[in-house]
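*Asks:* My questions all concern the structure below.
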Amino acid sequence: MAPVGKDTGPRKRLVARALGEDRPKKLDLRSKPRFHERIIYGFLLACGLLSILTTAGIIVVLLNEAVSFFTRQQWALTNKSVYEEVSADATTFTTSATGSELEDGGVIRIGQEQLLVERYERNVVTVAITGTGAGFSAFCEGNAAIVDASRAITESETEACAANDIEPIPFRIGTDALAIVVNPENTMVNDATLQELALIFGEAETWADVRDEWPDQPIQRFIPGTDSGTFDYFGEAIYGEEVDRLLASEPVTSEDDEQLARGVRQNPYAVAFFGYSYYANNSESLKVLDIEGITPALETVEDGSYPLSRPLYIYTDPDYMRERSEVATFIEFYLTHVDEEIIDVGYFPASDDTLTEAKFLWLETMGQPVPESVDDDTTLLPDVDLYSENGTIVVTGSSTVAPVTRRIGTRFQEGGFLPRVFVQRGYNDTAAVEHRPGQGIESEERPTLVEFFTNTQWIPATGEFGVLPLINATLITSAIAMIVALPLGLGAAIYLSEYAKPNVRKTLKPILEILAGIPTVVYGYFALTFMTPLLRLIFGDQVQIYNMLSAGIVVGILIIPLVTSMSEDALHAVPDALREASYGLGANRLETSIKVVVPAALSGILAAFIVAISRAIGETMVVAIAAGSGPNFTFNIFEGAETMTGHIARISGGDLSYDSIDYNSIFAIGLTLFVMTLLLNVISRAITNRFREEY
């Protein structure tokens with residue numbers, strides 16, 4: 001008999017088994033693998049490892065090249081070139097006016113030499129057309145150095161300038177005349193008096209209201225805008241202090257003379273006024289009126305007999321001239337060459353005495369001696385070296401004077417006032433050498449992540465690295481594809497699973513899966529040659545030949561078999577017991593399909609949708625052929641825009657230099673695409689696990 005308090009072996013095992021603590025070893029019923037089975041096991045393991053290593057290798061290459069895109073020293077074209085020969089020891093040189101600006105502290109490359117930009121001077125003359133009144137406002141606020149004016153400054157404008165310690169001084173540069181024009185078909189109206197002009201642009205409703213013999217037709221008026229010096233001059237000359245009469249008839253106003261002239265050309269009984277020079281350039285389509293019996297011409301304007309002639313000025317501040325040598329030099333250049341340009345524009349040059357007075361004013365302002373007498377051989381203004389001047393000259397004001405100023409500005413820049421670069425030579429241990437005129441300038445470009453994801457321009461060759469247009473086009477075409485594919489694919493899946501007879505299902509499903517095997521290039525040309533013409537027939541010419549809508553629709557058609565097949569498999573896996581229970585409760589087939597079967601298969605259906613989205617985002621040939629071949633940040637689905645995959649296909653098919661900025665950009669875009677699809681797969685797995693039903 002066993003001692004009390006001690007369990008025997010069988011008894012101990014019996015107690016342990018009763019308490020659930022005795023877990024017998026699982027029986028391994030598998031037979032030992034034979035030799036050929038071990039070979040198959042090894043082959044399968046090698047395939048799995050190869051797949052994993054290949055994926056890892058792709059990720060490593062993408063990461064390496066993408067990091068190189070953001071960190072490696074790369075060069076982008078600036079579209080600038082060396083303007084004149086640069087010696088090996090020169091530390092400053094002039095560039096062409098075109099191209100992108102260089103940055104202070106940046107690195108540029110000419111040939112193989114790298115140069116550090118210590119300072120970059122734009123050296124540009126900008127001429128803005130705002131109207132004389134708005135020009136004086138900007139000038140008095142300190143936002144412009146020079147004002148183009150088609151009238152003298154007013155007392156209130158002078159006071160506004162004085163409030164900011166600005167003293168406007170005028171330089172008379174020529175004379176203009178206002179032309180009153182009508183349509184050539186209006187043969188009865190050929191001249192007018194000043195009093196009649198007041199009626200024509202004022203209270204008169206028809207031409208007959210001004211003269212009985214004129215047509216009894218409504219007067220259509222086109223006049224310059226209220227910010228224009230032309231408006232101010234005409235209003236004061238015709239209405240004096242009652243300038244509001246000029247707007248009483250609610251005329252069409254514009255700062256653009258072409259719009260005024262177009263209005264007269266299109267309306268037989270229209271009338272307009274603007275500078276004589278614009279009429280002179282369009283005299284074949286307009287008719288000018290004599291005013292007080294005087295025809296506007298050089299002789300009548302010069303002698304003052306034409307009533308609507310007006311002086312032209314440029315204004316500046318003496319302190320600007322003394323403290324900014326480029327402003328003084330520009331005005332000197334202006335006064336020296338204005339007579340050579342103003343006639344070609346169509347204005348009348350200032351008299352010799354008037355121009356001499358302007359030059360005297362320049363000398364007095366700059367503190368230089370003024371000669372007591374001058375003759376034809378006297379050179380009043382000193383010679384200047386435009387290559388020694390630097391800065392930005394902002395001119396604003398009258399649209400009448402602007403054409404003259406722009407011509408002078410162009411000559412000023414061509415004469416030597418060009419962008420200038422101050423550099424440190426032989427940077428990064430490169431050799432300083434001579435550079436010939438016309439040699440291209442490249443700038444160092446290292447795009448940042450912020451620029452990469454926020455810039456709306458993608459032009460790597462010129463330093464624009466915004467992937468946003470490509471992502472935007474990718475998402476828009478994918479969204480269109482989903483709108484097409486999801487309802488059609490799910491509807492087809494429900495039909496095959498719940499309505500189709502077994503023989504029909506066995507026939508249709510393989511056909512759908514075969515459709516998925518059609519080469520995508522075929523779908524691409526289908527979009528270009530069929531879908532786009534169909535859309536243009538429906539929506540008109542607003543649909544471009546290459547457009548996102550056509551590409552998105554066809555990508556949707558392309559992935560319908562994928563959505564249908566995966567969704568049908570999920571629906572078909574729902575146990576028949578659920579259907580029978582629904583029928584037993586009185587539901588019909590539609591109610592059972594929508595309210596029972598689809599919710600039960602929801603995880604599989606959502607997984608199918610996300611896989612389809614990934615497929616749409618990764619589609620290449622359809623979008624490359626039909627969506628467009630240029631990055632374009634737009635939300636207009638009728639326009640063309642390049643997707644990420646389309647861009648990679650286009651760029652990689654060109655002549656790319658290895659390790660160039662375009663080459664590296666492909667991998668940065670590819671990595672972005674990889675991350676997008678990876679996130680979609682992670683979301684798909686999470687959704688599948690969240691909504692999975694086990695039966």
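Going by the structure tokens order, chains are called A, B, ..., each with residues numbered from 1, while ligands are numbered from 1 in the order shown.
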Please list as a list of chain:residue names every residue within 9 Å of Val401 of chain A, counting only C-alpha atoms and excluding residues in the same chain fewer than 3 positions away.
*Replies:*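 Near neighbours after the sequence-gap exclusion: A:Asp148, A:Ala149, A:Ser150, A:Leu312, A:Tyr313, A:Ile314, A:Gly397, A:Ser398, A:Val404, A:Thr405, A:Arg406.
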*Asks:* How would you write, as a PyMOL selection string, the set of residues in segment 127-290 of chain A that DSSP gives as helix (DSSP H, G or I)?
*Replies:* chain A and resi 132-140+155-162+194-200+207-209+229-239+243-247+257-266+276-281
*Asks:* Write out the residues from the selection above, keeping C-alpha atoms, as a PDB file, in the first residue's frame.
*Replies:*
```
ATOM      1  CA  THR A 132      -0.574 108.535 -64.657  1.00  0.00           C
ATOM      2  CA  GLY A 133      -2.628 109.015 -61.491  1.00  0.00           C
ATOM      3  CA  ALA A 134      -1.825 105.561 -60.107  1.00  0.00           C
ATOM      4  CA  GLY A 135       1.791 106.064 -61.160  1.00  0.00           C
ATOM      5  CA  PHE A 136       2.081 109.233 -59.075  1.00  0.00           C
ATOM      6  CA  SER A 137       0.485 107.402 -56.133  1.00  0.00           C
ATOM      7  CA  ALA A 138       3.094 104.640 -56.322  1.00  0.00           C
ATOM      8  CA  PHE A 139       5.876 107.199 -56.728  1.00  0.00           C
ATOM      9  CA  CYS A 140       4.742 109.248 -53.734  1.00  0.00           C
ATOM     10  CA  GLU A 155      -1.138 120.124 -56.454  1.00  0.00           C
ATOM     11  CA  SER A 156      -2.711 117.366 -54.370  1.00  0.00           C
ATOM     12  CA  GLU A 157      -0.267 114.799 -55.775  1.00  0.00           C
ATOM     13  CA  THR A 158       2.644 117.120 -54.969  1.00  0.00           C
ATOM     14  CA  GLU A 159       1.393 117.408 -51.392  1.00  0.00           C
ATOM     15  CA  ALA A 160       1.092 113.623 -51.116  1.00  0.00           C
ATOM     16  CA  CYS A 161       4.725 113.288 -52.217  1.00  0.00           C
ATOM     17  CA  ALA A 162       5.856 116.011 -49.812  1.00  0.00           C
ATOM     18  CA  LEU A 194     -14.801 121.401 -78.295  1.00  0.00           C
ATOM     19  CA  GLN A 195     -18.396 122.201 -77.272  1.00  0.00           C
ATOM     20  CA  GLU A 196     -19.675 119.351 -79.427  1.00  0.00           C
ATOM     21  CA  LEU A 197     -17.127 116.982 -77.885  1.00  0.00           C
ATOM     22  CA  ALA A 198     -18.552 117.855 -74.478  1.00  0.00           C
ATOM     23  CA  LEU A 199     -21.973 116.700 -75.711  1.00  0.00           C
ATOM     24  CA  ILE A 200     -20.682 113.650 -77.598  1.00  0.00           C
ATOM     25  CA  TRP A 207     -25.498 111.771 -82.806  1.00  0.00           C
ATOM     26  CA  ALA A 208     -28.460 113.858 -83.996  1.00  0.00           C
ATOM     27  CA  ASP A 209     -28.637 115.404 -80.520  1.00  0.00           C
ATOM     28  CA  GLY A 229      -3.475 110.511 -67.679  1.00  0.00           C
ATOM     29  CA  THR A 230      -5.338 110.570 -70.989  1.00  0.00           C
ATOM     30  CA  PHE A 231      -8.639 110.583 -69.078  1.00  0.00           C
ATOM     31  CA  ASP A 232      -7.413 113.378 -66.804  1.00  0.00           C
ATOM     32  CA  TYR A 233      -6.162 115.529 -69.665  1.00  0.00           C
ATOM     33  CA  PHE A 234      -9.277 115.124 -71.835  1.00  0.00           C
ATOM     34  CA  GLY A 235     -11.624 115.691 -68.877  1.00  0.00           C
ATOM     35  CA  GLU A 236      -9.861 118.892 -67.865  1.00  0.00           C
ATOM     36  CA  ALA A 237      -9.557 120.190 -71.459  1.00  0.00           C
ATOM     37  CA  ILE A 238     -13.230 119.574 -72.297  1.00  0.00           C
ATOM     38  CA  TYR A 239     -15.102 119.815 -68.986  1.00  0.00           C
ATOM     39  CA  VAL A 243     -14.989 115.976 -65.139  1.00  0.00           C
ATOM     40  CA  ASP A 244     -17.810 113.810 -63.751  1.00  0.00           C
ATOM     41  CA  ARG A 245     -19.807 114.615 -66.900  1.00  0.00           C
ATOM     42  CA  LEU A 246     -17.400 112.348 -68.787  1.00  0.00           C
ATOM     43  CA  LEU A 247     -18.724 109.354 -66.827  1.00  0.00           C
ATOM     44  CA  ASP A 257      -6.035 101.393 -76.103  1.00  0.00           C
ATOM     45  CA  GLU A 258      -6.551  98.257 -78.203  1.00  0.00           C
ATOM     46  CA  GLN A 259      -9.805  97.473 -76.399  1.00  0.00           C
ATOM     47  CA  LEU A 260     -11.028 101.011 -77.085  1.00  0.00           C
ATOM     48  CA  ALA A 261     -10.099 100.776 -80.760  1.00  0.00           C
ATOM     49  CA  ARG A 262     -11.743  97.346 -81.048  1.00  0.00           C
ATOM     50  CA  GLY A 263     -14.970  98.776 -79.661  1.00  0.00           C
ATOM     51  CA  VAL A 264     -14.986 101.481 -82.368  1.00  0.00           C
ATOM     52  CA  ARG A 265     -14.196  98.991 -85.145  1.00  0.00           C
ATOM     53  CA  GLN A 266     -17.093  96.748 -84.141  1.00  0.00           C
ATOM     54  CA  TYR A 276      -2.516 110.118 -81.533  1.00  0.00           C
ATOM     55  CA  SER A 277       0.329 107.600 -81.863  1.00  0.00           C
ATOM     56  CA  TYR A 278      -2.077 104.699 -81.413  1.00  0.00           C
ATOM     57  CA  TYR A 279      -4.333 106.115 -84.108  1.00  0.00           C
ATOM     58  CA  ALA A 280      -1.323 106.556 -86.409  1.00  0.00           C
ATOM     59  CA  ASN A 281      -0.549 102.844 -86.106  1.00  0.00           C
TER      60      ASN A 281
END
```
*Asks:* Can you tell me, as a tab-separated table (two decimals) with N, CA and C atoms, in the first residue's frame, what residues are no more than 9 Å from Lys359 of chain A when counting only C-alpha atoms, ignoring any on the same chain fewer than 3 positions away?
*Replies:*
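Writing done, so here's around_18.tsv:
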```tsv
chain	number	residue	atom	x	y	z
A	171	PHE	N	10.85	116.14	-66.25
A	171	PHE	CA	11.69	116.24	-67.44
A	171	PHE	C	10.78	116.08	-68.65
A	332	GLU	N	19.71	110.50	-67.70
A	332	GLU	CA	20.65	111.13	-68.64
A	332	GLU	C	20.60	110.41	-70.00
A	335	LEU	N	17.34	111.37	-71.82
A	335	LEU	CA	17.33	112.69	-72.44
A	335	LEU	C	18.25	112.74	-73.66
A	336	THR	N	19.28	111.92	-73.65
A	336	THR	CA	20.23	111.91	-74.77
A	336	THR	C	19.64	111.23	-76.00
A	354	THR	N	13.14	123.09	-75.27
A	354	THR	CA	12.52	122.33	-74.19
A	354	THR	C	13.45	121.21	-73.71
A	355	LEU	N	14.07	120.51	-74.66
A	355	LEU	CA	14.97	119.42	-74.29
A	355	LEU	C	16.22	119.95	-73.59
A	356	THR	N	16.71	121.12	-74.03
A	356	THR	CA	17.87	121.73	-73.37
A	356	THR	C	17.53	122.10	-71.93
A	362	TRP	N	18.78	118.46	-65.19
A	362	TRP	CA	19.56	117.30	-64.77
A	362	TRP	C	20.89	117.75	-64.17
A	363	LEU	N	21.58	118.69	-64.85
A	363	LEU	CA	22.88	119.17	-64.37
A	363	LEU	C	22.73	119.87	-63.02
A	364	GLU	N	21.71	120.69	-62.88
A	364	GLU	CA	21.50	121.40	-61.62
A	364	GLU	C	21.22	120.42	-60.48
A	380	LEU	N	26.05	118.66	-73.51
A	380	LEU	CA	25.63	119.10	-72.19
A	380	LEU	C	25.86	118.03	-71.11
A	381	LEU	N	25.51	116.81	-71.42
A	381	LEU	CA	25.54	115.76	-70.40
A	381	LEU	C	26.83	114.94	-70.52
```
*Asks:* Need the shell around Leu590 of chain A: protein/DNA/RNA residues with any atom at most 10 Å away, counting only C-alpha atoms. Skip same-chain ones fewer than 6 positions apart. Format as a ChimeraX atom specification?
*Replies:* /A:494,498-499,596-597
*Asks:* Next, write the just-selected residues to a file, as a PDB file, in the first residue's frame, keeping N, CA and C atoms as the atom set.
*Replies:*
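The resulting file, out-v6.pdb, is reproduced below:
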```pdb
ATOM      1  N   ILE A 494     -22.002  41.144 -58.053  1.00  0.00           N
ATOM      2  CA  ILE A 494     -23.269  40.742 -57.426  1.00  0.00           C
ATOM      3  C   ILE A 494     -24.099  39.902 -58.396  1.00  0.00           C
ATOM      4  N   GLU A 498     -24.979  36.186 -57.286  1.00  0.00           N
ATOM      5  CA  GLU A 498     -26.317  36.016 -56.731  1.00  0.00           C
ATOM      6  C   GLU A 498     -27.403  35.760 -57.771  1.00  0.00           C
ATOM      7  N   TYR A 499     -27.173  36.161 -59.001  1.00  0.00           N
ATOM      8  CA  TYR A 499     -28.251  36.068 -59.993  1.00  0.00           C
ATOM      9  C   TYR A 499     -27.934  35.092 -61.133  1.00  0.00           C
ATOM     10  N   VAL A 596     -27.511  41.431 -46.769  1.00  0.00           N
ATOM     11  CA  VAL A 596     -26.939  40.279 -46.069  1.00  0.00           C
ATOM     12  C   VAL A 596     -25.599  39.871 -46.669  1.00  0.00           C
ATOM     13  N   VAL A 597     -25.621  39.569 -47.967  1.00  0.00           N
ATOM     14  CA  VAL A 597     -24.418  39.008 -48.583  1.00  0.00           C
ATOM     15  C   VAL A 597     -23.300  40.048 -48.684  1.00  0.00           C
TER      16      VAL A 597
END
```
*Asks:* Between A:Tyr83, A:Glu121, A:Tyr523, A:Asn190, single out the one closest to Gly415 of chain A, counting only C-alpha atoms.
*Replies:*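 Nearest candidate to Gly415 of chain A out of A:Tyr83, A:Glu121, A:Tyr523, A:Asn190: A:Tyr83.
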*Asks:* If I take atom CA of Glu85 of chain A and atom CA of His435 of chain A, how far is one from the other in Å, to one decimal?
*Replies:* 5.8 Å
*Asks:* Set the distance at 10 Å and use only C-alpha atoms: which residues neighbour Met482 of chain A once local chain neighbours fewer than 3 positions away are removed? I'd like the list as number ranges by chain.
*Replies:* A: 476-479, 485-489, 552-553, 555-557, 559-560, 563, 609-610, 612-613, 616
*Asks:* Please list as a VMD selection string every residue within 8 Å of Asn681 of chain A, counting only C-alpha atoms and excluding residues in the same chain fewer than 2 positions away.
*Replies:* chain A and resid 610 to 611 614 677 to 679 683 to 685
*Asks:* Near Ser325 of chain A, counting only C-alpha atoms, which residues have an atom at most 9 Å away, once you skip same-chain residues fewer than 3 positions from it, shown as a list in words?
*Replies:*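 These residues fall inside the cut-off: Tyr320, Met321, Arg322, Ala328, Thr329, Phe330, Glu389, Asn390 and Gly391 of chain A.
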*Asks:* What does the file look like for those residues with N, CA and C atoms, as a PDB file, in the first residue's frame?
*Replies:*
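Writing the result to out-v7.pdb gives the following:
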```pdb
ATOM      1  N   TYR A 320      16.755 110.531 -55.281  1.00  0.00           N
ATOM      2  CA  TYR A 320      16.959 109.284 -56.024  1.00  0.00           C
ATOM      3  C   TYR A 320      18.140 109.424 -56.978  1.00  0.00           C
ATOM      4  N   MET A 321      18.227 110.563 -57.658  1.00  0.00           N
ATOM      5  CA  MET A 321      19.292 110.768 -58.635  1.00  0.00           C
ATOM      6  C   MET A 321      20.655 110.862 -57.960  1.00  0.00           C
ATOM      7  N   ARG A 322      20.709 111.530 -56.800  1.00  0.00           N
ATOM      8  CA  ARG A 322      21.997 111.725 -56.134  1.00  0.00           C
ATOM      9  C   ARG A 322      22.459 110.469 -55.405  1.00  0.00           C
ATOM     10  N   ALA A 328      20.041 108.293 -62.010  1.00  0.00           N
ATOM     11  CA  ALA A 328      20.552 109.483 -62.696  1.00  0.00           C
ATOM     12  C   ALA A 328      21.087 109.132 -64.074  1.00  0.00           C
ATOM     13  N   THR A 329      21.791 108.018 -64.165  1.00  0.00           N
ATOM     14  CA  THR A 329      22.358 107.604 -65.454  1.00  0.00           C
ATOM     15  C   THR A 329      21.255 107.258 -66.447  1.00  0.00           C
ATOM     16  N   PHE A 330      20.190 106.593 -65.970  1.00  0.00           N
ATOM     17  CA  PHE A 330      19.089 106.248 -66.870  1.00  0.00           C
ATOM     18  C   PHE A 330      18.409 107.504 -67.411  1.00  0.00           C
ATOM     19  N   GLU A 389      27.232 100.506 -63.728  1.00  0.00           N
ATOM     20  CA  GLU A 389      26.003 100.771 -62.975  1.00  0.00           C
ATOM     21  C   GLU A 389      25.317  99.466 -62.586  1.00  0.00           C
ATOM     22  N   ASN A 390      24.747  99.469 -61.381  1.00  0.00           N
ATOM     23  CA  ASN A 390      24.038  98.293 -60.886  1.00  0.00           C
ATOM     24  C   ASN A 390      22.760  98.728 -60.178  1.00  0.00           C
ATOM     25  N   GLY A 391      21.731  97.902 -60.275  1.00  0.00           N
ATOM     26  CA  GLY A 391      20.496  98.186 -59.563  1.00  0.00           C
ATOM     27  C   GLY A 391      19.267  97.824 -60.368  1.00  0.00           C
TER      28      GLY A 391
END
```
